[in-house]
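Input: a single structure, listed below in structure tokens.
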Amino acid sequence: MRLQHHGRCPLPPGPTPLPFIGNLFDIPTGRSWLGWLSHAKRYGALTYLRMFDTHIIALNDPQAAVELFEKRSAVFSERPQLVFGGEMCGWKDTLALLNYGAKFRMYRKELHQILGTPIAISKFHRLIETETRRFLVRIVNDYNTVQDNNRNVDENRSILKHIQTSVGAIILRIVYGYTLDPNIEKHGRHDPLIALAERGVGQISMAAQPGAFLVDLLPILRHIPAWFPGAKFQQTAQHFRETVMELVEKPYIFVQNQIATGSADPSYVSELVSKYISVNASGLLTPEQEQLIKWSASSLYTGGADTTTSAIQSFFLAVITHPHVSRRAQAEIDAVCVTENGDGVKVARLPTFRDREKLFYVNALVYEVLRWAPVAPMGIPHVNSEDVEWEGWKIPKGSLVLANIWAYSHDENVYERPAEFRPERFLGTTQSSSTLSSQHENLLDHFSNAGMTPGSFSRHSRDLDPNET
């Protein structure tokens, strides 16, 4: 452990850096959130590391995150400038990488119409319920196929694939009015737009990780030609850039064609196009308006699909590995959704969003899923625009600041036996359980999604699947 001074206050504690490269080998990789949790336990509220000339601060205390990201949001609203993901691959205009400014505010304003509040998302409840039922049908069909043929399900029919397809179908319908053929997977085919979107999400997940590519730490490397030994990242960037352009343009062109033929379904893009055209004297979109529509729409998919898919995956993992939890949740659903008809015959139905207020244990289960396996364990990286002092520690200007959400949600001082999956911790009418739920809601609001971002789709629709499965 070392303490360094940077001006009047010392830098936060952290591992001892090496000359020139700093803490390059101390940066957690793989399941990085576990490494950051280890740092948190050793160094306390703040952890400081340095990679070359880049300062990295992990906020391990939720109060620190509230103080800095919320109360001093004007200082901590910048995003890291990623040479590889932003400039070389072309993702610089996606919301997650935009610095705070006029463009950022406009993106958020328009996106707020769709996912800013539970009321805003409620108009899509029927769509979500329909796609969830289709998801369940695909799962049942695969199970029957396995039983009939005594074989394993292939990769393209795995539960993960079905989750990705269902989440993608919902978001594409909301954003672009694009309807996925519900029978396409039955014939061994895959929707081309879903496939494109999944490829784009996978690539941005790789490209946008701070420090994942050496060129982000040494920007001069971007000038190395693609044929030079060790410059494979140049070819990767070109390949990713082609996907970016296709992902931004192709679904937008689809909507424009639908509008031209009068067959466009209501969607985020069609509503924005109509809104801007109605106020433009020319009756046409300006280049700036087209740019905003294209990139805010693609941001909604890339920001929402991955987080929502991750949350639903974690739900399945939790109920499969904790069968007693599954049984209790099913019993509650049966109590709400199974009734007797006039002949005394029990009739079951699938739950809907209207049933949520009656499903106390299922709601607690969803809270526990998001605590036990946060969809963004280290949040969205921030950069401070000026030197900041907090509790006697110095956070140098331009630091990469991370909210250690995994540490918050596994804090033994807040959550008893945090490694255990126990929905009961959010259940009941006691002050402690209600306070815990409120605190956890704030964690999701302020840190996991950094306020209102595309990832909020996951938060406001967090009962997308569990209530029905």
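Scheme for the structure tokens: letters A, B, ... for chains in order shown; per-chain residue numbers from 1; ligand numbers from 1 in order shown.
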Original post:
Got a sec to tell me which of segment 311-390 of chain A DSSP assigns to strand (DSSP E), as a list in words?
Top reply: Val338, Thr339, Glu340, Lys346, Val347, Ala348, His382, Val383, Val388, Glu389 and Trp390 of chain A
**OP:** With a distance cut-off of 10 Å and only C-alpha atoms, select the neighbouring residues of Glu386 of chain A, excluding the residue or stretch itself and same-chain residues fewer than 5 positions from it, and output the selection as a PyMOL selection string.
**Re:** chain A and resi 75-76+395-399
Using only N, CA and C atoms, please write the residues we just selected to a file, as a PDB file, in the first residue's frame.
```
ATOM      1  N   VAL A  75     -19.326  18.419 -12.235  1.00  0.00           N
ATOM      2  CA  VAL A  75     -17.885  18.149 -12.328  1.00  0.00           C
ATOM      3  C   VAL A  75     -17.619  16.739 -12.842  1.00  0.00           C
ATOM      4  N   PHE A  76     -18.522  15.804 -12.540  1.00  0.00           N
ATOM      5  CA  PHE A  76     -18.287  14.391 -12.869  1.00  0.00           C
ATOM      6  C   PHE A  76     -19.161  13.890 -14.023  1.00  0.00           C
ATOM      7  N   ILE A 395      -8.758  13.868  -5.772  1.00  0.00           N
ATOM      8  CA  ILE A 395      -9.096  13.199  -7.027  1.00  0.00           C
ATOM      9  C   ILE A 395      -8.635  14.122  -8.146  1.00  0.00           C
ATOM     10  N   PRO A 396      -7.501  13.813  -8.777  1.00  0.00           N
ATOM     11  CA  PRO A 396      -6.938  14.717  -9.782  1.00  0.00           C
ATOM     12  C   PRO A 396      -7.870  14.912 -10.978  1.00  0.00           C
ATOM     13  N   LYS A 397      -7.822  16.076 -11.558  1.00  0.00           N
ATOM     14  CA  LYS A 397      -8.596  16.376 -12.766  1.00  0.00           C
ATOM     15  C   LYS A 397      -8.302  15.337 -13.851  1.00  0.00           C
ATOM     16  N   GLY A 398      -9.354  14.904 -14.539  1.00  0.00           N
ATOM     17  CA  GLY A 398      -9.185  13.947 -15.627  1.00  0.00           C
ATOM     18  C   GLY A 398      -9.091  12.504 -15.189  1.00  0.00           C
ATOM     19  N   SER A 399      -9.395  12.221 -13.916  1.00  0.00           N
ATOM     20  CA  SER A 399      -9.347  10.834 -13.438  1.00  0.00           C
ATOM     21  C   SER A 399     -10.501  10.021 -14.020  1.00  0.00           C
TER      22      SER A 399
END
```
**OP:** Please identify all polymer residues within 7 Å of segment 17-33 of chain A, counting only C-alpha atoms, omitting same-chain residues fewer than 4 positions from it, and present them as a PyMOL selection string.
**Re:** chain A and resi 37+49-52+377-378+406
Just the selected residues (C-alpha atoms), exported as an mmCIF file, in the first residue's frame, please.
```cif
data_model
loop_
_atom_site.group_PDB
_atom_site.id
_atom_site.type_symbol
_atom_site.label_atom_id
_atom_site.label_comp_id
_atom_site.auth_asym_id
_atom_site.auth_seq_id
_atom_site.Cartn_x
_atom_site.Cartn_y
_atom_site.Cartn_z
ATOM 1 C CA LEU A 37 -14.117 -5.755 -4.343
ATOM 2 C CA LEU A 49 -4.504 3.210 -9.284
ATOM 3 C CA ARG A 50 -2.502 4.640 -12.160
ATOM 4 C CA MET A 51 -1.982 3.245 -15.644
ATOM 5 C CA PHE A 52 0.766 5.180 -17.392
ATOM 6 C CA PRO A 377 -20.837 -4.105 -11.534
ATOM 7 C CA MET A 378 -18.584 -1.080 -12.012
ATOM 8 C CA TRP A 406 -20.554 -4.711 -6.699
#
```
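Counting from atom CA of His382 of chain A, the distance to atom CA of Gly86 of chain A is 14.8 Å.
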**OP:** Rank nothing, just name the residue among A:Ser314, A:Ser158, A:Thr261, A:Thr165 nearest to Tyr143 of chain A, using only C-alpha atoms.
**Re:** A:Ser158
**OP:** Among the residues of segment 134-292 of chain A, find those DSSP assigns to helix (DSSP H, G or I) from the backbone and print them as an MDAnalysis selection string.
**Re:** chainID A and resid 134:149 155:157 159:176 185:187 192:207 214:217 219:223 232:260 268:279 287:292
